[in-house]
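*Asks:* Got a structure for you, protein-v5.cif, holding mmCIF, C-alpha atoms and all ligand atoms.
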```cif
data_work
loop_
_atom_site.label_atom_id
_atom_site.label_comp_id
_atom_site.auth_asym_id
_atom_site.auth_seq_id
_atom_site.Cartn_x
_atom_site.Cartn_y
_atom_site.Cartn_z
CA ARG A 1 52.45 11.04 52.90
CA ALA A 2 55.42 13.38 53.24
CA PRO A 3 58.06 10.64 53.58
CA ARG A 4 57.05 9.17 50.24
CA ARG A 5 57.38 12.38 48.31
CA ALA A 6 61.15 12.60 48.26
CA PRO A 7 61.85 9.20 46.68
CA LEU A 8 59.01 9.63 44.24
CA GLY A 9 60.25 13.03 43.19
CA ARG A 10 63.62 11.47 42.66
CA ALA A 11 62.22 8.62 40.66
CA ARG A 12 60.27 11.04 38.52
CA ALA A 13 63.44 12.79 37.54
CA GLY A 14 63.74 9.93 35.08
CA PRO A 15 66.24 9.80 32.25
CA GLY A 16 69.42 11.66 33.03
CA GLY A 17 68.26 12.50 36.52
CA PRO A 18 69.49 11.21 39.87
CA PRO A 19 69.58 7.43 40.44
CA LEU A 20 66.22 5.77 40.06
CA LEU A 21 66.77 3.05 42.58
CA LEU A 22 67.59 3.77 46.15
CA PRO A 23 69.13 0.59 47.55
CA SER A 24 67.09 0.59 50.71
CA MET A 25 63.85 1.19 48.89
CA LEU A 26 61.40 -1.24 47.58
CA MET A 27 60.43 -0.28 44.10
CA PHE A 28 57.17 -1.29 42.73
CA ALA A 29 54.93 -0.35 39.91
CA VAL A 30 51.24 -0.19 39.72
CA ILE A 31 48.93 -0.22 36.80
CA VAL A 32 45.39 0.76 37.40
CA ALA A 33 43.02 -0.28 34.72
CA SER A 34 39.65 0.55 36.05
CA SER A 35 39.19 -2.49 38.19
CA GLY A 36 42.35 -4.06 36.85
CA LEU A 37 45.41 -3.64 38.95
CA LEU A 38 48.94 -4.61 38.27
CA LEU A 39 51.81 -4.39 40.64
CA MET A 40 55.42 -4.97 39.78
CA ILE A 41 57.78 -5.60 42.62
CA GLU A 42 61.44 -6.13 42.17
CA ARG A 43 62.22 -9.76 42.80
CA GLY A 44 64.64 -10.49 45.56
CA ILE A 45 65.25 -6.90 46.47
CA LEU A 46 64.22 -7.56 50.04
CA ALA A 47 66.90 -10.21 50.36
CA ASP A 48 69.53 -7.58 49.59
CA MET A 49 68.21 -5.14 52.11
CA LYS A 50 70.37 -4.50 55.12
CA PRO A 51 68.72 -4.03 58.53
CA LEU A 52 65.17 -3.17 57.67
CA PRO A 53 63.86 0.07 59.16
CA LEU A 54 60.64 -1.32 60.51
CA HIS A 55 58.02 1.12 61.69
CA PRO A 56 56.83 0.45 64.23
CA PRO A 57 59.73 -1.73 65.35
CA SER A 58 57.90 -4.95 65.88
CA ARG A 59 58.54 -8.30 67.48
CA GLU A 60 57.79 -10.10 64.25
CA GLY A 61 60.10 -7.71 62.45
CA ALA A 62 63.04 -10.04 62.03
CA ALA A 63 60.99 -13.16 61.58
CA TRP A 64 59.09 -12.38 58.43
CA ARG A 65 62.01 -12.61 56.10
CA ALA A 66 62.85 -16.11 57.13
CA THR A 67 59.29 -17.33 56.68
CA ALA A 68 58.37 -15.48 53.49
CA PRO A 69 57.87 -18.00 50.72
CA LYS A 70 59.89 -17.62 47.55
CA PRO A 71 58.08 -15.92 44.68
CA GLY A 72 56.41 -18.49 42.50
CA ALA A 73 56.08 -21.07 45.24
CA PRO A 74 52.39 -21.30 45.95
CA SER A 75 51.72 -21.43 49.66
CA PRO A 76 49.26 -23.94 51.12
CA GLU A 77 46.71 -21.17 51.63
CA ALA A 78 46.86 -20.27 47.92
CA GLY A 79 43.17 -21.03 47.82
CA ASP A 80 40.94 -24.00 47.50
CA SER A 81 41.34 -26.43 44.67
CA ASP A 82 38.67 -24.72 42.53
CA GLN A 83 40.74 -21.57 42.63
CA ARG A 84 43.85 -23.44 41.65
CA VAL A 85 42.03 -25.02 38.75
CA LEU A 86 40.87 -21.61 37.55
CA GLN A 87 44.35 -20.16 37.91
CA ASP A 88 45.76 -23.06 35.98
CA VAL A 89 43.17 -22.63 33.22
CA ARG A 90 44.03 -18.94 32.93
CA ASN A 91 47.71 -19.70 32.89
CA ARG A 92 47.46 -22.38 30.20
CA THR A 93 45.01 -20.42 28.07
CA LEU A 94 47.24 -17.37 28.15
CA ARG A 95 50.28 -19.40 27.17
CA ALA A 96 48.44 -21.24 24.39
CA VAL A 97 47.01 -18.04 22.90
CA CYS A 98 50.23 -16.10 23.24
CA ARG A 99 52.22 -18.88 21.53
CA GLN A 100 50.23 -18.39 18.35
CA PRO A 101 52.15 -16.88 15.45
CA GLY A 102 51.83 -13.14 15.20
CA MET A 103 51.17 -12.54 18.87
CA PRO A 104 53.35 -9.86 20.49
CA ARG A 105 56.24 -11.19 22.61
CA ASP A 106 57.17 -7.89 24.19
CA PRO A 107 55.91 -4.31 24.09
CA TRP A 108 58.16 -3.50 21.14
CA ASP A 109 56.22 -5.95 19.01
CA LEU A 110 53.14 -3.78 19.45
CA PRO A 111 52.11 -1.02 17.09
CA VAL A 112 53.28 2.31 18.47
CA GLY A 113 49.84 3.41 19.62
CA GLN A 114 49.16 0.22 21.56
CA ARG A 115 52.60 0.24 23.10
CA ARG A 116 52.08 3.79 24.22
CA THR A 117 48.75 2.85 25.78
CA LEU A 118 50.33 -0.06 27.63
CA LEU A 119 53.36 1.81 28.94
CA ARG A 120 51.34 4.86 29.85
CA HIS A 121 49.24 2.70 32.14
CA ILE A 122 52.04 1.02 33.96
CA LEU A 123 52.98 3.23 36.82
CA VAL A 124 56.25 2.84 38.64
CA LEU A 125 56.05 3.75 42.26
CA ALA A 126 58.97 4.03 44.61
CA GLY A 127 58.09 3.79 48.22
CA VAL A 128 58.92 2.10 51.44
CA LEU A 129 56.81 -0.93 52.11
CA ASP A 130 57.96 -1.01 55.70
CA SER A 131 55.63 1.68 56.87
CA VAL A 132 52.05 0.81 57.69
CA ASP A 133 51.21 4.39 56.82
CA VAL A 134 51.85 3.83 53.15
CA ARG A 135 48.67 4.52 51.26
CA LEU A 136 48.48 4.13 47.54
CA LYS A 137 46.18 6.83 46.30
CA MET A 138 45.36 5.80 42.80
CA ASP A 139 43.82 9.12 41.89
CA HIS A 140 47.00 11.02 42.60
CA ARG A 141 48.59 10.44 39.25
CA SER A 142 51.19 13.08 39.94
CA ASP A 143 52.62 10.88 42.70
CA LEU A 144 53.31 8.10 40.28
CA VAL A 145 55.89 7.44 37.60
CA PHE A 146 54.70 5.88 34.39
CA LEU A 147 56.71 3.12 32.80
CA ALA A 148 56.44 5.25 29.66
CA ASP A 149 58.51 7.92 31.44
CA LEU A 150 61.53 5.62 31.54
CA ARG A 151 64.13 4.90 28.93
CA PRO A 152 63.68 1.72 26.86
CA GLU A 153 66.49 -0.12 28.69
CA GLU A 154 64.99 0.87 32.03
CA ILE A 155 61.61 -0.40 30.88
CA ARG A 156 63.15 -3.66 29.66
CA TYR A 157 64.94 -4.16 32.94
CA ARG A 158 61.76 -3.76 34.92
CA LEU A 159 59.73 -5.97 32.62
CA GLN A 160 62.37 -8.64 32.93
CA HIS A 161 63.19 -8.53 36.60
CA TYR A 162 60.16 -7.27 38.45
CA PHE A 163 57.35 -9.37 39.78
CA LYS A 164 54.44 -8.48 37.53
CA PHE A 165 50.86 -9.22 38.20
CA LEU A 166 47.51 -8.33 36.85
CA PHE A 167 44.08 -8.29 38.39
CA VAL A 168 41.09 -9.11 36.25
CA ARG A 169 37.36 -8.98 36.75
CA ASP A 170 34.24 -10.33 35.09
CA PRO A 171 34.24 -8.29 31.85
CA LEU A 172 30.57 -7.32 32.03
CA GLU A 173 30.71 -6.51 35.72
CA ARG A 174 33.62 -4.25 34.89
CA LEU A 175 31.58 -2.50 32.19
CA LEU A 176 28.61 -2.07 34.49
CA SER A 177 30.85 -0.73 37.21
CA ALA A 178 32.47 1.73 34.80
CA TYR A 179 29.05 2.77 33.54
CA ARG A 180 27.63 3.37 37.00
CA ASN A 181 30.66 5.16 38.30
CA LYS A 182 31.59 7.31 35.31
CA PHE A 183 28.17 8.20 33.98
CA GLY A 184 26.41 8.25 37.31
CA GLU A 185 28.90 10.25 39.28
CA ILE A 186 31.59 11.97 37.26
CA ARG A 187 30.78 15.21 35.51
CA GLU A 188 33.77 15.08 33.16
CA TYR A 189 32.70 11.72 31.80
CA GLN A 190 29.12 12.88 31.39
CA GLN A 191 30.30 15.88 29.41
CA ARG A 192 32.95 14.12 27.39
CA TYR A 193 31.35 10.75 26.65
CA GLY A 194 27.77 10.99 27.91
CA ALA A 195 26.82 13.95 25.74
CA GLU A 196 28.31 12.25 22.68
CA ILE A 197 26.43 9.03 23.38
CA VAL A 198 23.11 10.84 23.81
CA ARG A 199 23.67 12.82 20.61
CA ARG A 200 24.39 9.63 18.72
CA TYR A 201 21.70 7.32 19.98
CA ARG A 202 18.81 9.43 21.24
CA PRO A 203 16.65 10.78 18.45
CA GLY A 204 15.70 14.38 19.07
CA ALA A 205 18.53 15.10 21.50
CA GLY A 206 19.61 18.71 21.17
CA PRO A 207 23.12 19.72 20.11
CA SER A 208 24.40 19.95 23.69
CA PRO A 209 22.75 17.38 25.97
CA ALA A 210 23.92 17.16 29.57
CA GLY A 211 24.94 13.54 29.12
CA ASP A 212 24.05 12.74 32.70
CA ASP A 213 21.31 10.22 31.95
CA VAL A 214 22.96 7.73 29.59
CA THR A 215 21.31 4.32 29.84
CA PHE A 216 23.29 1.09 30.06
CA THR A 217 21.83 0.07 26.69
CA GLU A 218 23.04 3.30 25.10
CA PHE A 219 26.45 2.78 26.63
CA LEU A 220 26.65 -0.72 25.12
CA ARG A 221 25.58 0.60 21.70
CA TYR A 222 28.42 3.08 21.94
CA LEU A 223 30.89 0.29 22.81
CA VAL A 224 29.79 -1.72 19.77
CA GLU A 225 30.80 1.15 17.50
CA GLU A 226 34.08 2.02 19.18
CA ASP A 227 37.50 0.71 18.20
CA PRO A 228 38.64 -1.44 21.17
CA GLU A 229 42.19 -0.20 20.79
CA ARG A 230 41.19 3.43 21.20
CA MET A 231 38.65 3.14 23.95
CA ASN A 232 38.88 4.90 27.27
CA GLU A 233 40.95 2.82 29.70
CA HIS A 234 37.95 2.10 31.89
CA TRP A 235 36.16 0.16 29.19
CA MET A 236 38.98 -0.80 26.87
CA PRO A 237 39.20 -4.60 26.83
CA VAL A 238 41.76 -5.68 29.42
CA TYR A 239 43.53 -7.63 26.70
CA HIS A 240 44.32 -4.40 24.84
CA LEU A 241 45.04 -2.40 27.94
CA CYS A 242 47.33 -4.86 29.72
CA GLN A 243 48.66 -6.84 26.72
CA PRO A 244 49.17 -10.11 28.58
CA CYS A 245 51.14 -11.57 25.66
CA ALA A 246 53.55 -8.66 25.44
CA VAL A 247 54.01 -8.51 29.21
CA HIS A 248 54.70 -11.85 30.87
CA TYR A 249 52.74 -11.48 34.05
CA ASN A 250 53.84 -13.73 36.86
CA PHE A 251 50.40 -13.91 38.35
CA VAL A 252 46.83 -13.14 37.41
CA GLY A 253 44.63 -12.30 40.38
CA THR A 254 40.94 -11.64 40.31
CA TYR A 255 38.68 -8.97 41.64
CA GLU A 256 36.49 -11.67 43.17
CA ARG A 257 39.38 -12.62 45.41
CA LEU A 258 41.02 -9.23 45.49
CA GLU A 259 42.09 -9.21 49.10
CA ALA A 260 43.27 -12.82 49.24
CA ASP A 261 45.09 -12.61 45.91
CA ALA A 262 46.70 -9.28 46.76
CA ASN A 263 47.92 -10.56 50.10
CA GLN A 264 49.18 -13.65 48.34
CA VAL A 265 51.28 -11.48 46.06
CA LEU A 266 52.60 -9.52 49.02
CA GLU A 267 53.60 -12.83 50.55
CA TRP A 268 55.32 -14.00 47.38
CA VAL A 269 57.43 -10.88 47.16
CA GLY A 270 58.30 -11.20 50.82
CA ALA A 271 56.54 -8.14 52.17
CA PRO A 272 56.62 -7.76 55.95
CA PRO A 273 53.53 -9.22 57.60
CA HIS A 274 52.10 -5.87 58.62
CA VAL A 275 51.88 -4.76 55.01
CA ARG A 276 48.49 -5.91 53.89
CA PHE A 277 46.03 -4.95 51.20
CA PRO A 278 43.84 -2.14 52.51
CA ALA A 279 40.20 -2.85 53.26
CA ARG A 280 37.63 -1.60 50.79
CA GLN A 281 36.35 1.88 51.51
CA ALA A 282 32.96 1.90 53.19
CA TRP A 283 31.34 4.07 50.52
CA TYR A 284 32.20 1.68 47.72
CA ARG A 285 29.18 -0.13 46.25
CA PRO A 286 30.36 -2.93 44.00
CA ALA A 287 28.34 -3.99 40.99
CA SER A 288 26.88 -7.24 42.25
CA PRO A 289 26.11 -10.29 40.09
CA GLU A 290 22.44 -9.59 40.80
CA SER A 291 22.50 -6.02 39.53
CA LEU A 292 24.52 -7.19 36.53
CA HIS A 293 21.94 -9.85 35.76
CA TYR A 294 19.17 -7.28 36.05
CA HIS A 295 20.90 -4.87 33.69
CA LEU A 296 21.84 -7.51 31.14
CA CYS A 297 18.31 -8.82 31.00
CA SER A 298 17.00 -5.35 30.18
CA VAL A 299 19.40 -4.95 27.26
CA PRO A 300 18.26 -6.14 23.80
CA ARG A 301 19.78 -9.56 23.22
CA ALA A 302 21.04 -8.66 19.74
CA LEU A 303 22.98 -5.79 21.26
CA LEU A 304 24.69 -8.12 23.74
CA GLN A 305 25.56 -10.40 20.86
CA ASP A 306 27.37 -7.47 19.27
CA VAL A 307 29.16 -6.40 22.47
CA LEU A 308 30.40 -9.79 23.67
CA PRO A 309 32.78 -10.48 20.74
CA LYS A 310 34.64 -7.26 21.54
CA TYR A 311 35.44 -8.63 24.97
CA ILE A 312 35.74 -12.28 24.05
CA LEU A 313 39.46 -12.41 24.81
CA ASP A 314 38.82 -11.09 28.29
CA PHE A 315 36.23 -13.80 28.84
CA SER A 316 38.33 -16.62 27.46
CA LEU A 317 41.83 -15.70 28.63
CA PHE A 318 40.69 -15.04 32.15
CA ALA A 319 38.17 -17.88 32.36
CA TYR A 320 34.94 -15.95 32.85
CA PRO A 321 31.71 -17.54 31.65
CA LEU A 322 29.55 -15.74 29.14
CA PRO A 323 26.36 -14.40 30.73
CA ASN A 324 23.21 -16.47 30.75
CA VAL A 325 20.53 -14.20 29.31
CA THR A 326 18.18 -16.90 28.15
CA ARG A 327 14.49 -16.27 28.60
CA GLU A 328 14.35 -18.67 31.56
CA ALA A 329 17.30 -17.09 33.30
CA CYS A 330 15.91 -13.58 32.87
CA HIS A 331 12.44 -14.42 34.04
CA GLN A 332 13.54 -15.80 37.36
C1 LIG B 401 52.04 -19.78 34.78
O1 LIG B 401 52.80 -20.89 35.22
C2 LIG B 401 54.19 -20.74 35.09
C3 LIG B 401 54.85 -22.06 35.42
O2 LIG B 401 54.36 -22.56 36.62
C4 LIG B 401 54.66 -19.61 35.99
O3 LIG B 401 56.02 -19.42 35.89
C5 LIG B 401 53.94 -18.32 35.59
O4 LIG B 401 54.27 -17.30 36.49
C6 LIG B 401 52.44 -18.53 35.59
N1 LIG B 401 51.83 -17.35 35.02
C7 LIG B 401 50.69 -16.87 35.45
C8 LIG B 401 50.19 -15.66 34.77
O5 LIG B 401 50.05 -17.39 36.35
C1 LIG B 402 20.52 -20.46 31.98
O1 LIG B 402 19.67 -20.33 33.08
C2 LIG B 402 18.51 -21.18 32.99
C3 LIG B 402 17.62 -20.86 34.17
O2 LIG B 402 18.32 -20.84 35.36
C4 LIG B 402 18.95 -22.64 32.97
O3 LIG B 402 17.83 -23.48 32.87
C5 LIG B 402 19.87 -22.87 31.78
O4 LIG B 402 20.35 -24.17 31.77
C6 LIG B 402 21.04 -21.89 31.82
N1 LIG B 402 21.79 -22.01 30.60
C7 LIG B 402 23.12 -22.08 30.60
C8 LIG B 402 23.77 -22.21 29.28
O5 LIG B 402 23.77 -22.07 31.64
#
```
Take the structure from the file and write it as structure tokens.

*Replies:*
Amino acid sequence: RAPRRAPLGRARAGPGGPPLLLPSMLMFAVIVASSGLLLMIERGILADMKPLPLHPPSREGAAWRATAPKPGAPSPEAGDSDQRVLQDVRNRTLRAVCRQPGMPRDPWDLPVGQRRTLLRHILVLAGVLDSVDVRLKMDHRSDLVFLADLRPEEIRYRLQHYFKFLFVRDPLERLLSAYRNKFGEIREYQQRYGAEIVRRYRPGAGPSPAGDDVTFTEFLRYLVEEDPERMNEHWMPVYHLCQPCAVHYNFVGTYERLEADANQVLEWVGAPPHVRFPARQAWYRPASPESLHYHLCSVPRALLQDVLPKYILDFSLFAYPLPNVTREACHQ
């Protein structure tokens, strides 16, 4: 990790500090939105790079640049035709919705609070992509530079010239995952949100409940009452968090195809072949469609009907079907 610290420290210096861009460095930015992930990579920067310091010096080293497809040119292995149809639907839906009058065209069209939320979640990371040892540790916020830390013209430049992409996930799977992770495992969330939820929705709860036994139903009741624009980032609708009308993402990947889509993006930006999306950690237990189905079927249907509209843009913009919680489906 040591080699990455120097450039990051430099980048963090921000306005008025030393130069933000080291010519031989690949700059990229990451936004982590619970399961949403956005990476911005400066277009064409690799083409300007002089002899690339490849570690380890590899036989394929010189070859990758010649074979890397241009950004925006889908490669044959972009996925099967179903995937392309879905990507096309997402793309057209986004454009159609964002063309509507009154939709934000850039972050400066957003109310101050929403703009702050957006820019605070876009992290700019300077690092060398030529080392296989590069590890992005998302929980080390201090290693990362937020887009909000930059001056407006620096932000504009990056929004205009960097390759920007967003990863989305089934909205309800994302909520279940956030619920299981935050309320099941993380003390701070239990104390901050769990206790509040129990106080609100559990008759007879004392003034200071532990908040470590929130049910999924209680969590959904809480979501119904919360303002989507002020929610915690882990359950804020992706539309509000990532503002896909204000930021013109070049690509929308999905959690369902995380590895393939991520590697596709790396290909588009011309990353060396040994830079690949890291494998999922062994301890990670994803919320499966089965466990989601189970949880949804145990939630009162009227409650779901109240929750779904809050996330309807995430369903429709990113082409996720609404859940089937009919009696037949739940009794299978
Ligand atoms: C949508 O398609 C256009 C034109 O092909 C492309 O430039 C743009 O990057 C795509 N956007 C997304 C989010 O896929
Ligand atoms: C929901 O699931 C049931 C049982 O599998 C099925 O009969 C029904 O057609 C489904 N409804 C929708 C809208 O998909």

*Asks:* As a quick test: using only C-alpha atoms and all ligand atoms, which residues lie no more than 6 Å away from ligand LIG 402 (chain B)? Give them as an mmCIF file with C-alpha atoms, keeping the file's coordinate frame.

*Replies:*
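Produced file out_3.cif, reproduced below:
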```
data_model
loop_
_atom_site.group_PDB
_atom_site.id
_atom_site.type_symbol
_atom_site.label_atom_id
_atom_site.label_comp_id
_atom_site.auth_asym_id
_atom_site.auth_seq_id
_atom_site.Cartn_x
_atom_site.Cartn_y
_atom_site.Cartn_z
ATOM 1 C CA ASN A 324 23.210 -16.470 30.750
ATOM 2 C CA THR A 326 18.180 -16.900 28.150
ATOM 3 C CA GLU A 328 14.350 -18.670 31.560
ATOM 4 C CA ALA A 329 17.300 -17.090 33.300
#
```

*Asks:* Could you tell me how far atom CA of A:Pro107 lies from atom CA of A:Pro152, in Å and to one decimal?

*Replies:*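 One can read the atom CA of A:Pro107 to atom CA of A:Pro152 distance as 10.2 Å.
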
*Asks:* Just how far from atom CA of A:Gly194 is atom CA of A:Ser288, in Å to one decimal?

*Replies:* 23.2 Å

*Asks:* May I ask for the distance between atom CA of A:Phe315 and atom CA of A:His121, given in Å to one decimal place?

*Replies:* 21.3 Å

*Asks:* From the set A:Tyr193, A:Trp108, A:Tyr255, A:Phe216, which residue has the shortest atom-to-atom contact distance to A:Arg156, counting all atoms listed in the file?

*Replies:*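 Comparing A:Tyr193, A:Trp108, A:Tyr255, A:Phe216 against A:Arg156, the winner is A:Trp108.
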
*Asks:* Can you work out which residues are within 10 Å of ligand LIG 401 (chain B), considering all atoms listed in the file, and then hand them over as an NGL selection string?

*Replies:* :A and (71-74 or 87-95 or 163-166 or 244 or 247-253 or 318)

*Asks:* Determine the nearest neighbour of A:Leu304 from the options A:Arg199, A:Arg327, A:Arg221, A:Arg169, counting all atoms listed in the file.

*Replies:*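 Residue with the minimum atom-to-atom distance to A:Leu304: A:Arg221.
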
*Asks:* With all atoms listed in the file as the atoms that count, which of A:Ala195, A:Ala287, A:Val224, A:Met231 lies nearest to A:Asp212?

*Replies:*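 That would be A:Ala195, the residue with the smallest distance to A:Asp212.
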
*Asks:* Taking the point (17.7, -2.4, 25.7) as given in the file, collect each protein or nucleic acid residue that comes within 9 Å of it, counting all atoms listed in the file, and present the set as a PyMOL selection string.

*Replies:* chain A and resi 215-218+295-301+303

*Asks:* Between A:Glu267, A:Glu233, A:Glu256, A:Glu173, which residue has the minimum interatomic distance to A:Arg120, considering all atoms listed in the file?

*Replies:* A:Glu233

*Asks:* Place a sphere of radius 12 Å on (42.2, -11.7, 44.4) in the file coordinates and name every protein, DNA or RNA residue with an atom inside or on its surface, counting all atoms listed in the file; give the answer as a ChimeraX atom specification.

*Replies:* /A:35-38,78-79,83,87,165-169,251-266,277
